[in-house]
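One structure is given here, and the rest of the page talks about it.
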Amino acid sequence: MRIGVITFPGSLDDVDAARAVRLAGAEPVSLWHGDHDLKDVDAVVLPGGFSYGDYLRAGAIAARSPLMADVVAAARQGLPVLGICNGFQVLCEAGLLPGALTRNSHLHFRNRDQGLLVERADTAWTTSFTQGQRIVVPVKNGEGRYVAAPADLDRLEGDGRVVVRYVSTTPGSGVDGNPNGSSRDIAGVTSADGRVVGLMPHPEHAVEDLTGPSTDGLGFFTSVLTAMVAA
Ligand SMILES: NC(=O)CC[C@H](N)C(=O)O
C-alpha cells in the first residue's frame, strides 16, 4: 500500500506523517504540491504546518496548488484523503469538506495533549477505533476554531459526519475540553462517503511510546490500510 504525503511550501509535519504511515505498515510516497502527479498512490495525507505562511487564511493558497486539483478529482472518485490540522484547513478551502477553520476564540496558539471522542469508527481513516472510544493526541493550532452556518452544522450532525469531538483529557477537571472554541466541540469531520476526513488534532504525533502522549494516533493510519483492501 502506497500513501502519498503532500509537501506544500511551509509544511511542517510531512516527515512525521510519513513516519506514521511507515509505522502503520504502508509505504510513504513524497508528493510535491506544484506537480500534477499523484504517483498512483492508494491514499493521500495532507500534513500540518503553515502552508504559504497562513497568509490570506490558513490553507487558502495551498488549496489552489496544482496538485490539489488532482486530489479533489481523485477524492471525488473515492481516493481516501486525510487532512491533519493545516491539511484540514486546506481540505475545507478546497471545498472537499464543509465549514471553515478560523482564529481560535481566545486568539492564542494552543499546544497541548487533547482528549477526543471517536464518534465515527466506520470512515476510511477510523475503522481501527470503536465508536465512543476516547483517545488522546496533541493539538497545536492558532486557527483551529471550526465554524459553519447553524443549518449546515445541524445537517452535519444529522448525517453523522462529525468524526471526532473534543472532550476533556482529564475527565472531571472541566478545564481542558474544547481548546479553540470550535462549534459544538467539533474536532474532525468527514465527506458524505466517509473517505475524506479532516482533523484539527495531530495523530501523527502520537504513534510511539517513546515520545507519547499515546499511540492512539496510529489507528488513523492503520484504518486506511483496511479501507484500501476492502475497496
Ligand atoms: N499545526 C498546524 O498544522 C498549524 C495549523 C495552522 N497553520 C494554525 O496555526 O492554525
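Residues in the C-alpha cells are numbered from 1 in each chain, the chains being A, B, ... in the order shown, and ligands are numbered from 1 in the order shown.
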Can you list, as an MDAnalysis selection string, all residues belonging to stretch 6-229 of chain A that DSSP tags as alpha helix (DSSP H)? chainID A and resid 14:24 66:76 86:93 150:158 218:229
Residues from last step as file, N, CA and C atoms, as a short mmCIF file (atom, residue, chain, number, x, y, z; two decimals), in the first residue's frame:
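New file again-v3.cif:
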data_model
loop_
_atom_site.label_atom_id
_atom_site.label_comp_id
_atom_site.auth_asym_id
_atom_site.auth_seq_id
_atom_site.Cartn_x
_atom_site.Cartn_y
_atom_site.Cartn_z
N ASP A 14 5.15 16.96 7.51
CA ASP A 14 5.15 15.93 6.46
C ASP A 14 6.07 14.77 6.82
N VAL A 15 7.18 15.06 7.51
CA VAL A 15 8.12 13.99 7.89
C VAL A 15 7.47 13.08 8.94
N ASP A 16 6.82 13.69 9.93
CA ASP A 16 6.14 12.88 10.95
C ASP A 16 5.00 12.08 10.33
N ALA A 17 4.28 12.67 9.39
CA ALA A 17 3.18 11.94 8.74
C ALA A 17 3.72 10.74 7.98
N ALA A 18 4.84 10.93 7.28
CA ALA A 18 5.44 9.82 6.53
C ALA A 18 5.90 8.72 7.49
N ARG A 19 6.44 9.13 8.63
CA ARG A 19 6.87 8.14 9.62
C ARG A 19 5.67 7.35 10.16
N ALA A 20 4.57 8.05 10.43
CA ALA A 20 3.36 7.37 10.92
C ALA A 20 2.86 6.37 9.88
N VAL A 21 2.91 6.75 8.61
CA VAL A 21 2.49 5.85 7.53
C VAL A 21 3.37 4.59 7.55
N ARG A 22 4.68 4.78 7.72
CA ARG A 22 5.60 3.63 7.71
C ARG A 22 5.34 2.74 8.93
N LEU A 23 5.15 3.35 10.11
CA LEU A 23 4.90 2.57 11.33
C LEU A 23 3.59 1.79 11.22
N ALA A 24 2.66 2.32 10.45
CA ALA A 24 1.37 1.62 10.28
C ALA A 24 1.50 0.44 9.32
N PRO A 66 -1.33 23.30 -7.77
CA PRO A 66 -1.64 22.40 -8.89
C PRO A 66 -2.08 21.01 -8.44
N LEU A 67 -1.35 20.42 -7.50
CA LEU A 67 -1.68 19.03 -7.12
C LEU A 67 -3.05 18.92 -6.47
N MET A 68 -3.53 20.01 -5.84
CA MET A 68 -4.83 19.93 -5.18
C MET A 68 -5.96 19.71 -6.18
N ALA A 69 -5.78 20.18 -7.41
CA ALA A 69 -6.81 19.91 -8.43
C ALA A 69 -6.92 18.41 -8.66
N ASP A 70 -5.76 17.74 -8.66
CA ASP A 70 -5.76 16.29 -8.85
C ASP A 70 -6.33 15.57 -7.63
N VAL A 71 -6.01 16.09 -6.43
CA VAL A 71 -6.53 15.48 -5.20
C VAL A 71 -8.06 15.59 -5.17
N VAL A 72 -8.58 16.77 -5.52
CA VAL A 72 -10.03 16.96 -5.50
C VAL A 72 -10.70 15.99 -6.47
N ALA A 73 -10.14 15.89 -7.67
CA ALA A 73 -10.74 14.99 -8.68
C ALA A 73 -10.68 13.54 -8.21
N ALA A 74 -9.54 13.13 -7.64
CA ALA A 74 -9.38 11.74 -7.19
C ALA A 74 -10.26 11.45 -5.99
N ALA A 75 -10.39 12.42 -5.09
CA ALA A 75 -11.24 12.22 -3.91
C ALA A 75 -12.69 12.03 -4.35
N ARG A 76 -13.09 12.76 -5.38
CA ARG A 76 -14.49 12.62 -5.85
C ARG A 76 -14.71 11.24 -6.47
N ASN A 86 -3.34 21.84 9.40
CA ASN A 86 -3.27 22.67 8.20
C ASN A 86 -3.86 21.91 7.00
N GLY A 87 -3.71 20.58 6.99
CA GLY A 87 -4.31 19.77 5.93
C GLY A 87 -5.83 19.84 5.96
N PHE A 88 -6.41 19.88 7.16
CA PHE A 88 -7.86 20.04 7.31
C PHE A 88 -8.27 21.41 6.77
N GLN A 89 -7.47 22.43 7.11
CA GLN A 89 -7.76 23.78 6.60
C GLN A 89 -7.74 23.79 5.08
N VAL A 90 -6.77 23.09 4.47
CA VAL A 90 -6.67 23.03 3.01
C VAL A 90 -7.91 22.33 2.42
N LEU A 91 -8.33 21.23 3.06
CA LEU A 91 -9.49 20.48 2.53
C LEU A 91 -10.77 21.31 2.57
N CYS A 92 -10.93 22.11 3.63
CA CYS A 92 -12.12 22.99 3.69
C CYS A 92 -12.02 24.07 2.63
N GLU A 93 -10.82 24.65 2.48
CA GLU A 93 -10.65 25.72 1.49
C GLU A 93 -10.81 25.18 0.06
N PRO A 150 -25.32 27.55 11.22
CA PRO A 150 -26.08 26.65 12.10
C PRO A 150 -26.83 25.55 11.34
N ALA A 151 -27.42 25.90 10.20
CA ALA A 151 -28.16 24.89 9.42
C ALA A 151 -27.21 23.81 8.89
N ASP A 152 -26.00 24.24 8.50
CA ASP A 152 -25.01 23.27 8.00
C ASP A 152 -24.52 22.37 9.13
N LEU A 153 -24.34 22.96 10.33
CA LEU A 153 -23.93 22.15 11.48
C LEU A 153 -25.01 21.12 11.81
N ASP A 154 -26.28 21.56 11.75
CA ASP A 154 -27.38 20.62 12.03
C ASP A 154 -27.37 19.48 11.01
N ARG A 155 -27.11 19.83 9.76
CA ARG A 155 -27.10 18.80 8.70
C ARG A 155 -25.92 17.84 8.91
N LEU A 156 -24.75 18.40 9.26
CA LEU A 156 -23.58 17.56 9.52
C LEU A 156 -23.85 16.57 10.65
N GLU A 157 -24.43 17.10 11.71
CA GLU A 157 -24.72 16.24 12.87
C GLU A 157 -25.77 15.20 12.49
N GLY A 158 -26.79 15.65 11.77
CA GLY A 158 -27.87 14.74 11.38
C GLY A 158 -27.37 13.62 10.48
N LEU A 218 -1.89 6.21 15.83
CA LEU A 218 -1.56 5.23 14.80
C LEU A 218 -2.81 4.64 14.15
N GLY A 219 -3.90 4.59 14.92
CA GLY A 219 -5.14 3.99 14.42
C GLY A 219 -5.65 4.62 13.14
N PHE A 220 -5.42 5.93 12.97
CA PHE A 220 -5.89 6.59 11.74
C PHE A 220 -5.16 6.03 10.52
N PHE A 221 -3.88 5.72 10.72
CA PHE A 221 -3.06 5.28 9.58
C PHE A 221 -3.23 3.79 9.30
N THR A 222 -3.52 2.98 10.34
CA THR A 222 -3.79 1.56 10.10
C THR A 222 -5.19 1.38 9.51
N SER A 223 -6.12 2.26 9.88
CA SER A 223 -7.50 2.13 9.37
C SER A 223 -7.55 2.14 7.86
N VAL A 224 -6.79 3.05 7.26
CA VAL A 224 -6.91 3.23 5.82
C VAL A 224 -6.36 2.00 5.06
N LEU A 225 -5.49 1.24 5.69
CA LEU A 225 -4.99 0.03 5.03
C LEU A 225 -6.14 -0.96 4.84
N THR A 226 -6.98 -1.06 5.86
CA THR A 226 -8.16 -1.93 5.78
C THR A 226 -9.12 -1.42 4.71
N ALA A 227 -9.28 -0.08 4.69
CA ALA A 227 -10.22 0.51 3.72
C ALA A 227 -9.75 0.25 2.30
N MET A 228 -8.44 0.26 2.10
CA MET A 228 -7.92 0.06 0.73
C MET A 228 -8.06 -1.39 0.30
N VAL A 229 -7.92 -2.32 1.26
CA VAL A 229 -8.11 -3.74 0.93
C VAL A 229 -9.56 -3.98 0.54
#
Around ligand 1, out to 8 Å and counting only C-alpha atoms and all ligand atoms, which residues are there? I want them as a JSON list (two decimals) with N, CA and C atoms, in the first residue's frame.
[["chain", "number", "residue", "atom", "x", "y", "z"],
["A", 11, "SER", "N", 4.94, 23.47, 4.82],
["A", 11, "SER", "CA", 4.52, 22.26, 5.55],
["A", 11, "SER", "C", 5.54, 21.98, 6.64],
["A", 12, "LEU", "N", 5.03, 21.43, 7.76],
["A", 12, "LEU", "CA", 5.88, 21.25, 8.94],
["A", 12, "LEU", "C", 5.91, 19.78, 9.35],
["A", 13, "ASP", "N", 4.81, 19.09, 9.17],
["A", 13, "ASP", "CA", 4.65, 17.76, 9.75],
["A", 13, "ASP", "C", 4.62, 16.66, 8.70],
["A", 47, "PRO", "N", -0.48, 17.09, 5.36],
["A", 47, "PRO", "CA", 0.06, 17.23, 6.71],
["A", 47, "PRO", "C", -0.19, 18.61, 7.32],
["A", 48, "GLY", "N", 0.20, 18.73, 8.59],
["A", 48, "GLY", "CA", 0.08, 20.00, 9.29],
["A", 48, "GLY", "C", 1.19, 20.97, 8.92],
["A", 49, "GLY", "N", 1.05, 22.19, 9.37],
["A", 49, "GLY", "CA", 2.07, 23.19, 9.14],
["A", 49, "GLY", "C", 1.48, 24.55, 8.85],
["A", 50, "PHE", "N", 2.26, 25.35, 8.17],
["A", 50, "PHE", "CA", 1.88, 26.73, 7.90],
["A", 50, "PHE", "C", 2.08, 26.99, 6.41],
["A", 51, "SER", "N", 1.32, 26.29, 5.58],
["A", 51, "SER", "CA", 1.49, 26.41, 4.14],
["A", 51, "SER", "C", 1.31, 27.88, 3.74],
["A", 53, "GLY", "N", 2.71, 30.31, 4.82],
["A", 53, "GLY", "CA", 2.75, 31.21, 5.97],
["A", 53, "GLY", "C", 1.39, 31.55, 6.54],
["A", 54, "ASP", "N", 0.37, 30.75, 6.21],
["A", 54, "ASP", "CA", -1.01, 31.04, 6.66],
["A", 54, "ASP", "C", -1.51, 32.39, 6.13],
["A", 58, "ALA", "N", -5.49, 30.47, 6.65],
["A", 58, "ALA", "CA", -4.72, 29.22, 6.67],
["A", 58, "ALA", "C", -5.30, 28.24, 5.65],
["A", 59, "GLY", "N", -4.47, 27.74, 4.77],
["A", 59, "GLY", "CA", -4.88, 26.73, 3.79],
["A", 59, "GLY", "C", -5.43, 27.28, 2.50],
["A", 84, "ILE", "N", -4.70, 16.78, 8.11],
["A", 84, "ILE", "CA", -4.38, 16.98, 9.52],
["A", 84, "ILE", "C", -4.07, 18.45, 9.76],
["A", 85, "CYS", "N", -4.85, 19.10, 10.61],
["A", 85, "CYS", "CA", -4.62, 20.48, 11.02],
["A", 85, "CYS", "C", -4.53, 21.40, 9.80],
["A", 86, "ASN", "N", -3.34, 21.84, 9.40],
["A", 86, "ASN", "CA", -3.27, 22.67, 8.20],
["A", 86, "ASN", "C", -3.86, 21.91, 7.00],
["A", 87, "GLY", "N", -3.71, 20.58, 6.99],
["A", 87, "GLY", "CA", -4.31, 19.77, 5.93],
["A", 87, "GLY", "C", -5.83, 19.84, 5.96],
["A", 89, "GLN", "N", -7.47, 22.43, 7.11],
["A", 89, "GLN", "CA", -7.76, 23.78, 6.60],
["A", 89, "GLN", "C", -7.74, 23.79, 5.08],
["A", 101, "LEU", "N", -12.04, 26.80, 9.15],
["A", 101, "LEU", "CA", -11.26, 26.90, 10.38],
["A", 101, "LEU", "C", -10.84, 28.35, 10.54],
["A", 102, "THR", "N", -11.20, 28.94, 11.68],
["A", 102, "THR", "CA", -10.95, 30.37, 11.91],
["A", 102, "THR", "C", -10.09, 30.54, 13.16],
["A", 103, "ARG", "N", -9.70, 31.80, 13.44],
["A", 103, "ARG", "CA", -8.84, 32.08, 14.61],
["A", 103, "ARG", "C", -9.46, 31.50, 15.88],
["A", 109, "PHE", "N", -2.37, 30.79, 20.32],
["A", 109, "PHE", "CA", -1.99, 29.50, 19.79],
["A", 109, "PHE", "C", -2.15, 28.48, 20.93],
["A", 139, "VAL", "N", -2.88, 18.64, 20.15],
["A", 139, "VAL", "CA", -3.38, 19.71, 19.27],
["A", 139, "VAL", "C", -2.33, 20.83, 19.28],
["A", 140, "LYS", "N", -2.21, 21.54, 18.17],
["A", 140, "LYS", "CA", -1.32, 22.72, 18.12],
["A", 140, "LYS", "C", -1.79, 23.58, 16.96],
["A", 141, "ASN", "N", -2.53, 24.59, 17.27],
["A", 141, "ASN", "CA", -3.07, 25.45, 16.21],
["A", 141, "ASN", "C", -3.39, 26.84, 16.72],
["A", 142, "GLY", "N", -3.43, 27.77, 15.76],
["A", 142, "GLY", "CA", -3.87, 29.13, 16.04],
["A", 142, "GLY", "C", -5.19, 29.43, 15.34],
["A", 143, "GLU", "N", -5.46, 28.67, 14.27],
["A", 143, "GLU", "CA", -6.71, 28.85, 13.52],
["A", 143, "GLU", "C", -7.44, 27.52, 13.46],
["A", 144, "GLY", "N", -7.86, 27.07, 14.63],
["A", 144, "GLY", "CA", -8.46, 25.74, 14.71],
["A", 144, "GLY", "C", -9.93, 25.74, 15.04],
["A", 200, "MET", "N", -8.46, 18.49, 13.22],
["A", 200, "MET", "CA", -7.57, 19.54, 13.71],
["A", 200, "MET", "C", -6.46, 18.96, 14.60],
["A", 202, "HIS", "N", -3.48, 16.21, 15.92],
["A", 202, "HIS", "CA", -2.37, 15.62, 15.16],
["A", 202, "HIS", "C", -2.10, 14.17, 15.51]]
Residues of stretch 9-127 of chain A within 8 Å of stretch 188-192 of chain A: nearest atom pair and distance (Å, one decimal) for each, counting only C-alpha atoms, sorted by chain and number, as CSV?
residue,atom,partner,partner_atom,distance
A:Leu96,CA,A:Ser191,CA,7.2
A:Leu97,CA,A:Ser191,CA,6.0
A:Thr123,CA,A:Thr190,CA,7.6
Selection file, N, CA and C atoms, as a compact mmCIF listing (two decimals), in the first residue's frame:
# COMPACT_ATOMS: atom_id res chain seq x y z
N LEU A 96 -13.55 20.26 -0.36
CA LEU A 96 -13.77 18.82 -0.17
C LEU A 96 -14.50 18.53 1.15
N LEU A 97 -14.36 19.43 2.11
CA LEU A 97 -15.07 19.29 3.38
C LEU A 97 -15.81 20.60 3.66
N THR A 123 -15.32 5.35 9.02
CA THR A 123 -14.78 6.07 7.86
C THR A 123 -13.50 5.34 7.42
Out of A:Gly198, A:Pro213, A:Gly34, A:Gly99, which residue has the shortest atom-to-atom distance to A:Leu82 when counting only C-alpha atoms?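 Result for the nearest residue to A:Leu82: A:Gly198.
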What are the DSSP strand (DSSP E or B) residues of stretch 5-37 of chain A, as a count of residues only? 10
Could you list, as a list in words, every residue within 7 Å of A:Ser182, counting only C-alpha atoms and ignoring same-chain residues fewer than 6 positions away?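 Counting only the stated atoms, we get Arg145, Tyr146 and Val147 of chain A.
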Interatomic distance, atom CA of A:Tyr55 to atom CA of A:Gly10 (Å, one decimal): 10.9 Å
Taking a cut-off of 12 Å and counting only C-alpha atoms, can you build a table that, for each residue of stretch 26-128 of chain A near stretch 175-179 of chain A, reports the nearest atom pair and how far apart they are in Å (one decimal), sorted by chain then residue number, as JSON lines?
{"residue": "A:Arg103", "atom": "CA", "partner": "A:Pro179", "partner_atom": "CA", "distance": 11.6}
{"residue": "A:Asn104", "atom": "CA", "partner": "A:Pro179", "partner_atom": "CA", "distance": 8.1}
{"residue": "A:Ser105", "atom": "CA", "partner": "A:Pro179", "partner_atom": "CA", "distance": 9.0}
{"residue": "A:His106", "atom": "CA", "partner": "A:Pro179", "partner_atom": "CA", "distance": 9.2}
{"residue": "A:Leu107", "atom": "CA", "partner": "A:Pro179", "partner_atom": "CA", "distance": 11.1}
{"residue": "A:His108", "atom": "CA", "partner": "A:Pro179", "partner_atom": "CA", "distance": 10.0}
{"residue": "A:Phe109", "atom": "CA", "partner": "A:Pro179", "partner_atom": "CA", "distance": 9.6}
{"residue": "A:Arg110", "atom": "CA", "partner": "A:Pro179", "partner_atom": "CA", "distance": 6.8}
{"residue": "A:Asn111", "atom": "CA", "partner": "A:Pro179", "partner_atom": "CA", "distance": 8.9}
{"residue": "A:Arg112", "atom": "CA", "partner": "A:Pro179", "partner_atom": "CA", "distance": 8.8}
{"residue": "A:Asp113", "atom": "CA", "partner": "A:Asp176", "partner_atom": "CA", "distance": 9.3}
{"residue": "A:Gln114", "atom": "CA", "partner": "A:Asp176", "partner_atom": "CA", "distance": 7.6}
{"residue": "A:Gly115", "atom": "CA", "partner": "A:Gly177", "partner_atom": "CA", "distance": 7.3}
{"residue": "A:Leu116", "atom": "CA", "partner": "A:Gly177", "partner_atom": "CA", "distance": 8.8}
{"residue": "A:Leu117", "atom": "CA", "partner": "A:Gly177", "partner_atom": "CA", "distance": 10.8}
Go ahead and save the residues from that selection, with C-alpha atoms, as a PDB file, in the first residue's frame.
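Writing done, so here's result.pdb:
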ATOM      1  CA  ARG A 103      -8.839  32.083  14.606  1.00  0.00           C
ATOM      2  CA  ASN A 104      -9.095  30.380  17.991  1.00  0.00           C
ATOM      3  CA  SER A 105     -11.768  32.154  20.040  1.00  0.00           C
ATOM      4  CA  HIS A 106      -9.204  33.205  22.684  1.00  0.00           C
ATOM      5  CA  LEU A 107      -6.785  34.394  19.939  1.00  0.00           C
ATOM      6  CA  HIS A 108      -3.899  32.342  21.396  1.00  0.00           C
ATOM      7  CA  PHE A 109      -1.994  29.495  19.786  1.00  0.00           C
ATOM      8  CA  ARG A 110      -2.881  26.316  21.708  1.00  0.00           C
ATOM      9  CA  ASN A 111      -0.398  23.432  22.004  1.00  0.00           C
ATOM     10  CA  ARG A 112      -1.236  20.547  24.364  1.00  0.00           C
ATOM     11  CA  ASP A 113      -2.384  16.945  24.629  1.00  0.00           C
ATOM     12  CA  GLN A 114      -6.081  16.681  23.893  1.00  0.00           C
ATOM     13  CA  GLY A 115      -8.839  14.190  24.661  1.00  0.00           C
ATOM     14  CA  LEU A 116     -11.067  13.208  21.736  1.00  0.00           C
ATOM     15  CA  LEU A 117     -14.238  11.165  21.435  1.00  0.00           C
TER      16      LEU A 117
END
Of the residues A:Gly160, A:Gly25, A:Gly217, A:Gly4, which is the one nearest to A:Asp193, using only C-alpha atoms?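 So, comparing all the options, the nearest one is A:Gly160.
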May I ask which of the residues A:Thr215, A:Thr170, A:Ser30, A:Gly83 is the closest one to A:Pro201, counting only C-alpha atoms?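 Nearest candidate to A:Pro201 out of A:Thr215, A:Thr170, A:Ser30, A:Gly83: A:Gly83.
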